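Engineer: Next up is a structure, given as structure tokens.
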Amino acid sequence: MANQNPQQKKLNIKLDEKVGEGTYANFFMITNSPSEFIMDCGRILPGLPDARIYTRVIMTPTHTKQLLQLLEKNLAAYEQQFGEIKVQGQGENKAVGFKTNQT
């Protein structure tokens, strides 16, 4: 018989159809207080002057650290399978993001 933790319970996850469609984000702002982290996720598009926030996630510091660890684990697995993700401008003194042509 396999070792099973009697404390472990099955977690049922329900995904609403609208939420399941997902929301593309390429712009993030993170702020924090002593008791929580707030992550705003939005989009910035070329030719538009403003970024729009589509969702806000509020987490405890503990959950934020768990999210970071989960992201690091998943990024490592992704890069092992598909190769290193190169971040444009990283390590250079250049701005990252869309540029506007000003005349």
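Every chain in the structure tokens takes a letter, A first, then B, and so on in the order presented; its residues are numbered from 1, and the ligands are numbered from 1 following the presented order.
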Taking the chain letters and numbering used in this document, name the residues of chain A that DSSP puts in strand (DSSP E), as a PyMOL selection string.
Structural biologist: chain A and resi 27-32+37-43+52-59
Engineer: Each residue of segment 27-52 of chain A lying at most 8 Å from segment 60-84 of chain A should get a row with its shortest atom-to-atom pair and the distance in Å to one decimal, counting only C-alpha atoms; could you produce that, ordered by chain and increasing number, as JSON lines?
Structural biologist:
```
{"residue": "A:Ser35", "atom": "CA", "partner": "A:Thr60", "partner_atom": "CA", "distance": 6.2}
{"residue": "A:Glu36", "atom": "CA", "partner": "A:Thr60", "partner_atom": "CA", "distance": 4.5}
{"residue": "A:Phe37", "atom": "CA", "partner": "A:Thr60", "partner_atom": "CA", "distance": 6.1}
```
Engineer: Considering only C-alpha atoms, state which residue in the set A:Gly47, A:Leu11, A:Val57, A:Arg52 is at the smallest distance from Asn26 of chain A.
Structural biologist: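 Looking at the shortest contact to Asn26 of chain A, the residue is A:Arg52.
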Engineer: Figure out the distance between atom CA of Asn12 of chain A and atom CA of Gly42 of chain A, please, to one decimal in Å.
Structural biologist: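 These two atoms are separated by 28.4 Å.
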Engineer: Mind listing the alpha helix (DSSP H) residues of segment 10-88 of chain A, per DSSP on the backbone, as a list in words?
Structural biologist: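 Checking each residue of segment 10-88 of chain A, the alpha helix (DSSP H) ones are Glu17, Lys18, Val19, Gly20, Pro61, Thr62, His63, Thr64, Lys65, Gln66, Leu67, Leu68, Gln69, Leu70, Leu71, Glu72, Lys73, Asn74, Leu75, Ala76, Ala77, Tyr78, Glu79, Gln80, Gln81 and Phe82 of chain A.
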Engineer: Interatomic distance between atom CA of Lys14 of chain A and atom CA of Thr55 of chain A?
Structural biologist: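 Answer for the atom CA of Lys14 of chain A to atom CA of Thr55 of chain A separation: 18.8 Å.
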Engineer: So the first atom is atom CA of Tyr54 of chain A and the second is atom CA of Cys41 of chain A; what is the distance between them in Å, to one decimal place?
Structural biologist: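 If I compute the distance from atom CA of Tyr54 of chain A to atom CA of Cys41 of chain A, I get 6.0 Å.
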